[in-house]
Amino acid sequence: MNEALRLPKAHLQRLIDRLWEQGFRVLGPVPRNGGVVFDEVCRVADMPVGLREEQAPGRYRLVDGVPGEVFGVVNGPGSLKPSFFAPEEPLLEIRRERKGFSVAEVQPAAPRLAFLGVRACDLAALAVQDRIFLYDRVRDTHYATRRDGVLLIAANCTRAAATCFCVSMGTGPQAKQGFDLALTELDEAFVLRSGSAAGEAVIADLTLQTASAAESADAATRIAACAAGMQRQLDTSDLPRLLYDEAENPRWDDVARRCLSCTNCTMVCPTCFCHTVVDVTEIEGNMSQRVRQWDSCFSYEHAHIHGKNFRPHIRDRYRQWLTHKLASWIDQFGTSGCVGCGRCITWCPVGIDLTEEVRAIRATRGGA
Amino acid sequence: MTPYTLYPARIVDVSSEAESIFTFAMRFVDPAVRKAYRFLPGQFNMLYAYGVGEVPISIVSDPAEPTRLEHAIRTAGRVTSVMTQWKVGDVVGVRGPYGNGWPMDAARGRDVIIITGGLGCAPVVEVINYIFRRREEFGALQILHGVKTPNDLLYRERFDAWRLNPRTTVHLTADHPDKSWRYRTGVVSELFDQLRVSPSAIVMMCGPEVMMRHGIHALVQKGVSEDAIYLSMERHMQCGIGLCGHCQFGPQFVCKDGPVFAYPAVKRWFGVSGI
C-alpha cells in the first residue's frame with residue numbers, strides 16, 4: 001500500500017478525470033482575486049500552474065514561478081475549513097403553526113468531495129476540526145454530513161512560504177496521515193503514495209509504474225530541503241505554561257496597540273471554530289431559520305452579555321485568541337489549535353506575527 | 001439530529017416575583033420528549049423565542065418533577081424582553097439540560113453554606129429549595145444573601161420561611177437599605193463575621209466575581225479548604241454544548257465544564273481582568 005508510484009505530469013489530468021468519473025466533485029487550489037482558494041478543478045490548467053507566491057507578514061502576491069509546476073503555490077487564504085464548517089448555513093427551519101411551531105432540521109447538500117493538493121498543515125487542521133465537531137461530547141451533524149466520504153489527495157511541500165512554520169508544530173511539510181493519496185511534485189512526474197483503501201481504489205486502473213529509486217530519493221530530498229529551509233519557527237517548549245503564567249505580560253498591551261481586532265486571522269485560520277446562531281425570519285413571519293455563522297473572539301460582542309463585557313479591550317481579545325490557540329486548546333482537545341500554516345501572519349493587515357509575539361513573551365518571562 | 005435542535009414546550013403557568021422578573025412553568029409538547037427529560041439542580045436550558053433568539057436560563061423547579069420545568073426570567077436584553085411577555089398557552093422552544101449543576105451529592109450529609117449576591121441568585125434559590133425538600137439529608141444550612149436595595153430581595157417570603165427552620169440561619173444585607181429594612185447594611189462581605197464554619201462545610205457561591213473573591217478569602221481564613229468551595233461562573237453561554245466558543249474562561253467552557261466549578265479548577269484565572 002505504501003509503494004511509491006510514478007504519475008507522469010502529463011497524466012495528472014487522467015487522475016482528475018478519474019475522480020469526476022467516480023462521482024467526486026474535485027476541488028483544488030484555484031487562483032482567485034490574487035490569492036488561491038479551494039474550488040472546482042476540471043482541468044490541470046484551472047490550478048495555478050507555473051505560479052508561486054510571495055508571503056510575508058501582511059503581504060501576499062502571486063508571482064511567476066517554475067513553468068509547468070502545478071503545486072508551486074504553498075497556500076492562500078482558503079483552507080479546507082469552509083468546505084466542512086460552512087461560513088454560513090441554516091441549521092433549523094422553524095415554521096409557525098396554528099398552535100405553536102414545528103422544528104425541522106435543514107439537511108446540508110453534501111456532494112462527495114475530492115480535494116487535490118492538500119498541504120500537510122491543512123490535513124492536520126482538518127483532524128483538529130474533526131476532534132471538535134465529530135469526536136467531542138456532541139457530534140455536529142452538519143459538519144459530519146459534509147465530511148463523510150471525502151477523498152483527500154495531499155501535495156507534500158517542496159518549498160515553504162516565508163510565513164510557514166509547520167516543522168515547529170510537527171505537522172509538515174510531509175503529509176503523514178489523514179490522506180488517501182499523497183503526491184510529491186518532481187520536474188517531470190509526481191511520486192504518488194496511497195494512504196488508504198479509498199485512495200488505492202481511485203488509482204486502481206491508472207496502471208501506474210513504480211517510481212524509480214532515484215525519483216523516490218529526489219522526492220525525499222525536496223521535502224527534507226523544504227523542512228530544513230523553513231525560515232519561521234515557534235518554540236513550543238513549555239508553551240501552555242508560558243502563556244498561562246504570562247497573562248499579565250506587558251507584551252499584550254504592545255500587540256493591542258497594533259492589532260485592529262479585524263478578525264482576519266480567525267477567518268483564515270483553518271482550525272478556529274467559534275460561531276454564532278442567528279434568527280433569519282421570512283418577511284411574512286411564518287418561517288424562521290436558525291442560521292449558523294462564523295464568529296470571532298476578536299469581535300467586541302464575543303464575550304458580551306447583558307450589561308457586561310468580559311473582554312472589552314483588544315488586549316484581552318488578542319490574549320484570548322493566542323492563549324486559546326497555543327495553550328488552552330491543548331487542555332480542551334488534546335491538541336494544539338495551531339498547525340503552523342502561517343495564514344494568520346500573512347493575512348493580518350498590520351502583519352502581526354504570532355511567532356514573534358510568543359518570542360517576545362518568552363524573552364520577558366517573569367518580568368525579565 | 002443537529003445538537004442545536006430545539007423542542008416546543010407550552011407555558012402552563014406564569015407568576016411574577018418582581019416588576020421585571022417572571023417565573024414560567026412549561027411542559028414539552030411532545031410526550032416522548034417530556035417523558036425522557038431529566039435534569040440536575042443547577043443545570044440550565046436554552047430557551048428560544050420564535051424568530052428572536054435563544055438565551056440560557058437556569059431551571060428553578062425540582063428535579064424530582066422533570067415534566068414541569070420552571071424558569072425565572074428577568075427582562076435584561078433583547079431576547080429576555082420578549083420572553084417576559086410570554087403568556088399561558090404560548091409555545092416556546094427548549095433544548096437542554098446543559099451544564100454540570102451544583103455538587104448536591106458531595107453536599108449530602110454536610111453543613112452547607114450558600115453565599116449569593118445581586119440578582120443572579122435564581123440558581124442558588126433553587127439549591128435552597130432542593131435542600132428544604134430533603135432537609136434531613138443535609139446538615140446545618142447558612143444562607144448569606146446581599147442585595148443592592150430592599151426591592152431587589154426576591155422571594156422575600158421564602159427567606160422568612162427558611163429562617164424559621166431550626167437548622168437554618170439566614171443573613172441578609174442591603175447596600176442601600178430603606179426604612180423598612182430590618183437586616184444588615186453593606187455588601188455581602190459585611191456578613192462574613194456571622195459565618196460558622198465546621199470541618200464538614202461545603203460552600204456554594206453565586207454572584208459578582210468580586211463578591212466571590214471576597215467570599216473565598218474570608219472562607220479560607222476561617223479554615224474552609226479551597227476544594228470545598230464551589231462557584232457558579234457567568235460567561236457568554238450561547239450554545240450550551242461547548243461548541244460555539246463564546247463562554248471560554250481559561251481552558252474551561254463554562255457551559256459544558258461548568259457553570260459550577262470547584263474553586264481550584266478556576267483559581268488560576270479567577271480575578272484576572274479580561275479573561
# chains A, B, ... in the order shown; residues from 1 in each chain; ligands from 1
>>> residues_around(residues="Thr271 (chain A)", least_positions_apart="5", cutoff="8 Å", atoms="only C-alpha atoms", output="CSV table (one decimal) with C-alpha atoms, in the first residue's frame")
chain,number,residue,atom,x,y,z
A,81,LYS,CA,-12.4,24.6,6.7
A,125,ALA,CA,-6.1,21.3,10.7
A,126,LEU,CA,-8.8,19.1,9.4
A,128,VAL,CA,-8.2,19.3,14.7
A,129,GLN,CA,-11.7,20.3,13.4
A,337,GLY,CA,-5.0,24.7,17.8
A,338,CYS,CA,-2.1,25.9,15.6
>>> residues_around(residues="Cys164 (chain A)", least_positions_apart="3", cutoff="10 Å", atoms="only C-alpha atoms", output="compact mmCIF listing (two decimals) with N, CA and C atoms, in the first residue's frame")
# COMPACT_ATOMS: atom_id res chain seq x y z
N GLN A 55 4.93 35.37 0.33
CA GLN A 55 4.18 35.68 1.54
C GLN A 55 5.11 36.32 2.56
N ALA A 56 4.57 37.27 3.26
CA ALA A 56 5.29 37.95 4.35
C ALA A 56 4.21 38.49 5.28
N VAL A 74 2.13 27.53 -2.21
CA VAL A 74 2.02 26.74 -0.97
C VAL A 74 0.60 26.79 -0.42
N ASN A 75 0.12 28.01 -0.20
CA ASN A 75 -1.27 28.13 0.25
C ASN A 75 -1.77 29.54 0.02
N CYS A 121 -0.19 20.76 6.54
CA CYS A 121 -0.74 21.59 7.63
C CYS A 121 -2.26 21.58 7.59
N ARG A 159 8.53 23.39 -1.16
CA ARG A 159 9.03 24.73 -0.81
C ARG A 159 8.08 25.29 0.25
N ALA A 160 8.62 26.14 1.08
CA ALA A 160 7.82 26.74 2.13
C ALA A 160 7.67 28.23 1.84
N ALA A 161 6.53 28.78 2.23
CA ALA A 161 6.41 30.23 2.21
C ALA A 161 7.20 30.80 3.38
N VAL A 167 7.07 22.87 10.63
CA VAL A 167 8.05 21.99 11.26
C VAL A 167 7.99 22.16 12.79
N SER A 168 7.86 23.42 13.22
CA SER A 168 7.76 23.67 14.67
C SER A 168 6.53 23.01 15.26
N GLY A 172 4.15 19.17 9.27
CA GLY A 172 4.59 19.09 7.88
C GLY A 172 6.10 19.15 7.80
N PRO A 173 6.65 19.29 6.60
CA PRO A 173 5.98 19.57 5.31
C PRO A 173 5.45 18.31 4.60
N ALA A 227 11.88 21.37 4.66
CA ALA A 227 11.86 21.41 6.13
C ALA A 227 13.08 22.17 6.66
N MET A 230 13.02 26.06 6.25
CA MET A 230 11.88 26.84 6.76
C MET A 230 12.37 27.98 7.62
N GLN A 231 11.96 29.20 7.26
CA GLN A 231 12.51 30.38 7.93
C GLN A 231 11.91 30.62 9.30
N ARG A 232 10.62 30.39 9.41
CA ARG A 232 9.95 30.76 10.67
C ARG A 232 9.91 29.59 11.63
N GLN A 233 10.02 29.91 12.91
CA GLN A 233 9.96 28.88 13.93
C GLN A 233 9.16 29.37 15.11
N VAL A 339 -1.49 24.85 13.52
CA VAL A 339 -0.82 23.85 12.69
C VAL A 339 0.37 24.44 11.93
N GLY A 340 0.64 25.73 12.14
CA GLY A 340 1.82 26.33 11.53
C GLY A 340 1.66 26.70 10.07
N CYS A 341 0.43 26.93 9.60
CA CYS A 341 0.21 27.26 8.19
C CYS A 341 0.62 28.69 7.87
N GLY A 342 0.69 29.54 8.90
CA GLY A 342 1.15 30.91 8.71
C GLY A 342 0.12 31.87 8.15
N ARG A 343 -1.11 31.41 7.92
CA ARG A 343 -2.10 32.29 7.29
C ARG A 343 -2.38 33.53 8.14
N ILE A 345 -0.48 35.19 9.87
CA ILE A 345 0.60 36.16 9.74
C ILE A 345 0.45 36.92 8.42
N THR A 346 0.25 36.15 7.36
CA THR A 346 0.14 36.75 6.02
C THR A 346 -1.07 37.67 5.91
>>> closest_atom_pairs(of="chain B", to="chain A", cutoff="10 Å", atoms="only C-alpha atoms", output="Markdown table")
| residue | atom | partner | partner_atom | distance |
| --- | --- | --- | --- | --- |
| B:Met1 | CA | A:Thr141 | CA | 6.4 |
| B:Thr2 | CA | A:Thr141 | CA | 5.2 |
| B:Pro3 | CA | A:Asp140 | CA | 6.5 |
| B:Tyr4 | CA | A:Leu91 | CA | 7.4 |
| B:Thr5 | CA | A:Leu92 | CA | 7.0 |
| B:Leu6 | CA | A:Val103 | CA | 7.2 |
| B:Tyr7 | CA | A:Val103 | CA | 7.3 |
| B:Pro8 | CA | A:Phe101 | CA | 7.0 |
| B:Ala9 | CA | A:Gly100 | CA | 8.7 |
| B:Arg10 | CA | A:Gly100 | CA | 8.2 |
| B:Val29 | CA | A:Gly100 | CA | 9.4 |
| B:Ala49 | CA | A:Asp279 | CA | 9.9 |
| B:Tyr50 | CA | A:Ser288 | CA | 7.4 |
| B:Gly51 | CA | A:Ser288 | CA | 5.5 |
| B:Val52 | CA | A:Asp279 | CA | 6.2 |
| B:Gly53 | CA | A:Asp279 | CA | 6.1 |
| B:Glu54 | CA | A:Val278 | CA | 8.8 |
| B:Ala76 | CA | A:His306 | CA | 6.4 |
| B:Gly77 | CA | A:His306 | CA | 5.8 |
| B:Arg78 | CA | A:His306 | CA | 9.1 |
| B:Gly89 | CA | A:Lys99 | CA | 8.8 |
| B:Asp90 | CA | A:Gly100 | CA | 6.9 |
| B:Val91 | CA | A:Gly100 | CA | 4.8 |
| B:Val92 | CA | A:Gly100 | CA | 7.5 |
| B:Gly93 | CA | A:Phe101 | CA | 8.8 |
| B:Glu234 | CA | A:Ile305 | CA | 9.1 |
| B:Arg235 | CA | A:Ala303 | CA | 7.1 |
| B:His236 | CA | A:Ala303 | CA | 5.5 |
| B:Met237 | CA | A:Ile305 | CA | 8.7 |
| B:Gln238 | CA | A:Thr276 | CA | 7.5 |
| B:Cys239 | CA | A:Thr276 | CA | 8.1 |
| B:Ile241 | CA | A:Val138 | CA | 7.2 |
| B:Gly242 | CA | A:Arg137 | CA | 8.3 |
| B:Leu243 | CA | A:Cys274 | CA | 7.3 |
| B:Cys244 | CA | A:Cys274 | CA | 4.8 |
| B:Gly245 | CA | A:Cys274 | CA | 4.8 |
| B:His246 | CA | A:His302 | CA | 5.9 |
| B:Cys247 | CA | A:Ala303 | CA | 6.9 |
| B:Gln248 | CA | A:Ala303 | CA | 8.6 |
| B:Phe249 | CA | A:Gln320 | CA | 9.1 |
| B:Gly250 | CA | A:Ser328 | CA | 6.5 |
| B:Pro251 | CA | A:Ser328 | CA | 4.5 |
| B:Gln252 | CA | A:Gln332 | CA | 7.5 |
| B:Phe253 | CA | A:Gln332 | CA | 8.5 |
| B:Lys256 | CA | A:Arg137 | CA | 9.1 |
| B:Arg268 | CA | A:Tyr244 | CA | 8.3 |
| B:Trp269 | CA | A:Tyr244 | CA | 8.7 |
| B:Val272 | CA | A:Ala247 | CA | 8.1 |
| B:Ser273 | CA | A:Phe310 | CA | 8.0 |
| B:Gly274 | CA | A:Arg311 | CA | 4.6 |
| B:Ile275 | CA | A:Arg311 | CA | 6.4 |
>>> write_last_selection(atoms="N, CA and C atoms", output="short mmCIF file (atom, residue, chain, number, x, y, z; two decimals), in the first residue's frame")
data_model
loop_
_atom_site.label_atom_id
_atom_site.label_comp_id
_atom_site.auth_asym_id
_atom_site.auth_seq_id
_atom_site.Cartn_x
_atom_site.Cartn_y
_atom_site.Cartn_z
N MET B 1 -29.48 14.19 14.15
CA MET B 1 -30.06 15.46 14.61
C MET B 1 -28.96 16.44 14.99
N THR B 2 -29.07 17.65 14.54
CA THR B 2 -28.10 18.65 14.97
C THR B 2 -28.25 18.90 16.48
N PRO B 3 -27.15 19.10 17.17
CA PRO B 3 -27.27 19.39 18.61
C PRO B 3 -27.99 20.71 18.88
N TYR B 4 -28.23 21.49 17.84
CA TYR B 4 -28.96 22.74 18.01
C TYR B 4 -30.48 22.55 17.91
N THR B 5 -30.93 21.31 17.71
CA THR B 5 -32.37 21.07 17.62
C THR B 5 -33.07 21.50 18.91
N LEU B 6 -34.20 22.15 18.76
CA LEU B 6 -34.95 22.56 19.95
C LEU B 6 -36.34 21.95 19.89
N TYR B 7 -36.97 21.89 21.06
CA TYR B 7 -38.24 21.18 21.19
C TYR B 7 -39.32 22.14 21.71
N PRO B 8 -40.48 22.14 21.06
CA PRO B 8 -41.55 23.03 21.52
C PRO B 8 -42.05 22.65 22.91
N ALA B 9 -42.29 23.67 23.72
CA ALA B 9 -42.85 23.47 25.07
C ALA B 9 -43.93 24.52 25.26
N ARG B 10 -44.97 24.15 26.02
CA ARG B 10 -46.09 25.08 26.23
C ARG B 10 -46.02 25.67 27.64
N VAL B 29 -44.24 19.79 24.54
CA VAL B 29 -45.44 19.44 23.79
C VAL B 29 -45.43 17.94 23.45
N ALA B 49 -37.21 32.04 21.84
CA ALA B 49 -38.41 32.79 21.48
C ALA B 49 -38.48 32.83 19.96
N TYR B 50 -39.59 32.40 19.40
CA TYR B 50 -39.73 32.27 17.95
C TYR B 50 -39.27 33.53 17.22
N GLY B 51 -38.31 33.33 16.29
CA GLY B 51 -37.86 34.43 15.44
C GLY B 51 -36.98 35.45 16.13
N VAL B 52 -36.72 35.27 17.41
CA VAL B 52 -35.96 36.27 18.16
C VAL B 52 -34.59 35.74 18.58
N GLY B 53 -34.59 34.56 19.24
CA GLY B 53 -33.30 34.01 19.62
C GLY B 53 -33.37 33.16 20.87
N GLU B 54 -32.19 32.76 21.32
CA GLU B 54 -32.06 31.85 22.46
C GLU B 54 -31.28 32.52 23.58
N ALA B 76 -33.80 41.72 30.57
CA ALA B 76 -32.45 42.28 30.55
C ALA B 76 -32.13 42.76 29.15
N GLY B 77 -32.02 41.84 28.21
CA GLY B 77 -31.63 42.21 26.85
C GLY B 77 -32.79 42.04 25.87
N ARG B 78 -32.40 41.97 24.61
CA ARG B 78 -33.36 41.90 23.50
C ARG B 78 -34.26 40.67 23.61
N GLY B 89 -50.16 29.21 27.62
CA GLY B 89 -50.63 28.72 26.33
C GLY B 89 -49.64 28.98 25.21
N ASP B 90 -48.72 29.93 25.39
CA ASP B 90 -47.71 30.19 24.36
C ASP B 90 -46.79 28.99 24.21
N VAL B 91 -46.32 28.79 22.97
CA VAL B 91 -45.36 27.72 22.73
C VAL B 91 -43.99 28.33 22.52
N VAL B 92 -43.02 27.79 23.24
CA VAL B 92 -41.65 28.30 23.19
C VAL B 92 -40.72 27.14 22.86
N GLY B 93 -39.46 27.44 22.59
CA GLY B 93 -38.50 26.38 22.27
C GLY B 93 -37.58 26.11 23.45
N GLU B 234 -20.19 33.05 35.47
CA GLU B 234 -21.03 33.66 34.44
C GLU B 234 -20.16 34.04 33.25
N ARG B 235 -20.50 33.56 32.10
CA ARG B 235 -19.86 33.97 30.85
C ARG B 235 -20.92 33.96 29.76
N HIS B 236 -20.49 34.28 28.53
CA HIS B 236 -21.45 34.37 27.43
C HIS B 236 -21.76 32.96 26.89
N MET B 237 -22.73 32.31 27.51
CA MET B 237 -23.10 30.96 27.06
C MET B 237 -24.10 31.11 25.92
N GLN B 238 -23.70 30.62 24.75
CA GLN B 238 -24.57 30.83 23.59
C GLN B 238 -25.08 29.53 23.00
N CYS B 239 -24.29 28.45 23.14
CA CYS B 239 -24.74 27.19 22.55
C CYS B 239 -25.09 26.16 23.62
N ILE B 241 -23.30 23.75 24.62
CA ILE B 241 -22.71 22.43 24.36
C ILE B 241 -21.21 22.50 24.10
N GLY B 242 -20.59 23.61 24.43
CA GLY B 242 -19.14 23.72 24.29
C GLY B 242 -18.66 23.77 22.86
N LEU B 243 -19.48 24.28 21.96
CA LEU B 243 -19.15 24.24 20.55
C LEU B 243 -18.93 25.63 19.95
N CYS B 244 -19.59 26.64 20.49
CA CYS B 244 -19.59 27.95 19.82
C CYS B 244 -18.42 28.82 20.27
N GLY B 245 -17.79 28.48 21.39
CA GLY B 245 -16.57 29.17 21.79
C GLY B 245 -16.72 30.40 22.66
N HIS B 246 -17.93 30.92 22.83
CA HIS B 246 -18.08 32.22 23.48
C HIS B 246 -17.81 32.22 24.98
N CYS B 247 -18.10 31.12 25.68
CA CYS B 247 -18.11 31.17 27.14
C CYS B 247 -16.79 30.73 27.75
N GLN B 248 -15.70 30.73 26.94
CA GLN B 248 -14.44 30.23 27.48
C GLN B 248 -13.94 31.09 28.63
N PHE B 249 -13.42 30.39 29.64
CA PHE B 249 -12.82 31.02 30.81
C PHE B 249 -11.53 30.24 31.06
N GLY B 250 -10.40 30.76 30.55
CA GLY B 250 -9.21 29.93 30.52
C GLY B 250 -9.52 28.71 29.68
N PRO B 251 -9.11 27.53 30.10
CA PRO B 251 -9.39 26.33 29.31
C PRO B 251 -10.81 25.79 29.48
N GLN B 252 -11.58 26.39 30.36
CA GLN B 252 -12.92 25.87 30.64
C GLN B 252 -13.95 26.44 29.67
N PHE B 253 -14.85 25.58 29.23
CA PHE B 253 -16.08 26.07 28.61
C PHE B 253 -17.10 26.14 29.74
N LYS B 256 -20.29 23.81 29.39
CA LYS B 256 -20.26 22.35 29.49
C LYS B 256 -19.39 21.84 30.64
N ARG B 268 -6.64 29.78 38.90
CA ARG B 268 -5.59 30.44 38.15
C ARG B 268 -6.08 31.67 37.39
N TRP B 269 -7.32 31.62 36.91
CA TRP B 269 -7.84 32.72 36.09
C TRP B 269 -8.77 33.63 36.86
N VAL B 272 -8.39 37.52 37.25
CA VAL B 272 -7.56 38.13 36.22
C VAL B 272 -8.49 38.91 35.29
N SER B 273 -8.22 40.17 35.10
CA SER B 273 -9.12 41.01 34.32
C SER B 273 -9.04 40.67 32.83
N GLY B 274 -10.20 40.58 32.18
CA GLY B 274 -10.25 40.38 30.73
C GLY B 274 -10.17 38.95 30.26
N ILE B 275 -10.31 37.97 31.18
CA ILE B 275 -10.23 36.56 30.79
C ILE B 275 -11.60 36.11 30.26
#
>>> select_by_dssp(residues="region 190-245 of chain B", states="strand (DSSP E or B)", output="PyMOL selection string")
chain B and resi 202-206+229-232
>>> write_last_selection(atoms="C-alpha atoms", output="PDB file, in the first residue's frame")
ATOM      1  CA  ILE B 202     -19.322  22.845  51.716  1.00  0.00           C
ATOM      2  CA  VAL B 203     -19.829  26.267  50.151  1.00  0.00           C
ATOM      3  CA  MET B 204     -21.832  27.265  47.085  1.00  0.00           C
ATOM      4  CA  MET B 205     -21.473  30.773  45.774  1.00  0.00           C
ATOM      5  CA  CYS B 206     -23.195  32.681  43.043  1.00  0.00           C
ATOM      6  CA  ILE B 229     -15.795  25.996  47.689  1.00  0.00           C
ATOM      7  CA  TYR B 230     -17.964  25.886  44.560  1.00  0.00           C
ATOM      8  CA  LEU B 231     -18.565  28.881  42.317  1.00  0.00           C
ATOM      9  CA  SER B 232     -21.202  29.449  39.677  1.00  0.00           C
TER      10      SER B 232
END
>>> residues_around(residues="Ala213 (chain A)", least_positions_apart="3", cutoff="12 Å", atoms="only C-alpha atoms", output="PyMOL selection string")
chain A and resi 3-6+191+210+216-220
>>> closest_residue(among="A:Arg32, A:Lys9, A:Arg18, A:Arg59", to="Ala204 (chain A)", atoms="only C-alpha atoms")
A:Arg18
>>> atom_distance(atom1="CA of Gly146 (chain B)", atom2="CA of Ile128 (chain B)")
15.5 Å
>>> residues_around(residues="Val224 (chain B)", least_positions_apart="6", cutoff="8 Å", atoms="only C-alpha atoms", output="PyMOL selection string")
chain B and resi 197+199+201
>>> write_last_selection(atoms="N, CA and C atoms", output="tab-separated table (two decimals), in the first residue's frame")
chain	number	residue	atom	x	y	z
B	197	VAL	N	-18.15	28.10	60.66
B	197	VAL	CA	-17.57	27.10	59.75
B	197	VAL	C	-17.27	25.82	60.50
B	199	PRO	N	-15.89	21.61	60.09
B	199	PRO	CA	-14.96	20.89	59.20
B	199	PRO	C	-15.67	20.28	57.99
B	201	ALA	N	-18.06	21.60	56.24
B	201	ALA	CA	-18.83	22.57	55.46
B	201	ALA	C	-18.48	22.52	53.97
>>> residues_around(residues="region 156-169 of chain B", least_positions_apart="6", cutoff="6 Å", atoms="only C-alpha atoms", output="number ranges by chain")
B: 140-142
>>> atom_distance(atom1="CA of Arg61 (chain A)", atom2="CA of Trp347 (chain A)")
11.4 Å
>>> atom_distance(atom1="CA of Ser336 (chain A)", atom2="CA of Asn156 (chain A)")
21.3 Å
>>> residues_around(residues="Ser16 (chain B)", least_positions_apart="4", cutoff="12 Å", atoms="only C-alpha atoms", output="ChimeraX atom specification")
/B:20-25,71-75,84-87,154-155
>>> write_last_selection(atoms="N, CA and C atoms", output="PDB file, in the first residue's frame")
ATOM      1  N   SER B  20     -39.834  43.099  37.084  1.00  0.00           N
ATOM      2  CA  SER B  20     -39.262  42.669  35.808  1.00  0.00           C
ATOM      3  C   SER B  20     -38.844  41.200  35.819  1.00  0.00           C
ATOM      4  N   ILE B  21     -39.300  40.457  36.806  1.00  0.00           N
ATOM      5  CA  ILE B  21     -38.904  39.053  36.903  1.00  0.00           C
ATOM      6  C   ILE B  21     -40.135  38.160  36.922  1.00  0.00           C
ATOM      7  N   PHE B  22     -40.149  37.190  36.024  1.00  0.00           N
ATOM      8  CA  PHE B  22     -41.285  36.285  35.912  1.00  0.00           C
ATOM      9  C   PHE B  22     -40.799  34.849  35.977  1.00  0.00           C
ATOM     10  N   THR B  23     -41.605  34.003  36.592  1.00  0.00           N
ATOM     11  CA  THR B  23     -41.301  32.577  36.586  1.00  0.00           C
ATOM     12  C   THR B  23     -42.305  31.885  35.666  1.00  0.00           C
ATOM     13  N   PHE B  24     -41.761  31.168  34.684  1.00  0.00           N
ATOM     14  CA  PHE B  24     -42.590  30.468  33.709  1.00  0.00           C
ATOM     15  C   PHE B  24     -42.491  28.968  33.949  1.00  0.00           C
ATOM     16  N   ALA B  25     -43.642  28.331  34.096  1.00  0.00           N
ATOM     17  CA  ALA B  25     -43.665  26.872  34.142  1.00  0.00           C
ATOM     18  C   ALA B  25     -44.044  26.379  32.757  1.00  0.00           C
ATOM     19  N   HIS B  71     -38.655  28.240  34.924  1.00  0.00           N
ATOM     20  CA  HIS B  71     -37.530  29.129  34.639  1.00  0.00           C
ATOM     21  C   HIS B  71     -37.889  30.533  35.088  1.00  0.00           C
ATOM     22  N   ALA B  72     -36.988  31.164  35.849  1.00  0.00           N
ATOM     23  CA  ALA B  72     -37.194  32.565  36.234  1.00  0.00           C
ATOM     24  C   ALA B  72     -36.428  33.436  35.241  1.00  0.00           C
ATOM     25  N   ILE B  73     -37.124  34.371  34.629  1.00  0.00           N
ATOM     26  CA  ILE B  73     -36.511  35.211  33.593  1.00  0.00           C
ATOM     27  C   ILE B  73     -36.654  36.675  33.979  1.00  0.00           C
ATOM     28  N   ARG B  74     -35.559  37.368  33.897  1.00  0.00           N
ATOM     29  CA  ARG B  74     -35.549  38.805  34.179  1.00  0.00           C
ATOM     30  C   ARG B  74     -35.381  39.567  32.870  1.00  0.00           C
ATOM     31  N   THR B  75     -36.152  40.622  32.685  1.00  0.00           N
ATOM     32  CA  THR B  75     -36.006  41.450  31.498  1.00  0.00           C
ATOM     33  C   THR B  75     -34.629  42.093  31.533  1.00  0.00           C
ATOM     34  N   THR B  84     -40.290  37.787  28.639  1.00  0.00           N
ATOM     35  CA  THR B  84     -41.079  38.148  29.818  1.00  0.00           C
ATOM     36  C   THR B  84     -42.505  38.558  29.438  1.00  0.00           C
ATOM     37  N   GLN B  85     -42.788  38.575  28.130  1.00  0.00           N
ATOM     38  CA  GLN B  85     -44.180  38.807  27.704  1.00  0.00           C
ATOM     39  C   GLN B  85     -44.910  37.498  27.409  1.00  0.00           C
ATOM     40  N   TRP B  86     -44.244  36.377  27.580  1.00  0.00           N
ATOM     41  CA  TRP B  86     -44.893  35.086  27.340  1.00  0.00           C
ATOM     42  C   TRP B  86     -46.113  34.936  28.257  1.00  0.00           C
ATOM     43  N   LYS B  87     -47.145  34.237  27.694  1.00  0.00           N
ATOM     44  CA  LYS B  87     -48.384  34.028  28.454  1.00  0.00           C
ATOM     45  C   LYS B  87     -48.713  32.546  28.486  1.00  0.00           C
ATOM     46  N   LEU B 154     -35.687  39.238  46.152  1.00  0.00           N
ATOM     47  CA  LEU B 154     -36.745  38.395  45.609  1.00  0.00           C
ATOM     48  C   LEU B 154     -37.034  37.272  46.598  1.00  0.00           C
ATOM     49  N   TYR B 155     -38.178  36.679  46.437  1.00  0.00           N
ATOM     50  CA  TYR B 155     -38.543  35.511  47.255  1.00  0.00           C
ATOM     51  C   TYR B 155     -38.456  35.853  48.751  1.00  0.00           C
TER      52      TYR B 155
END
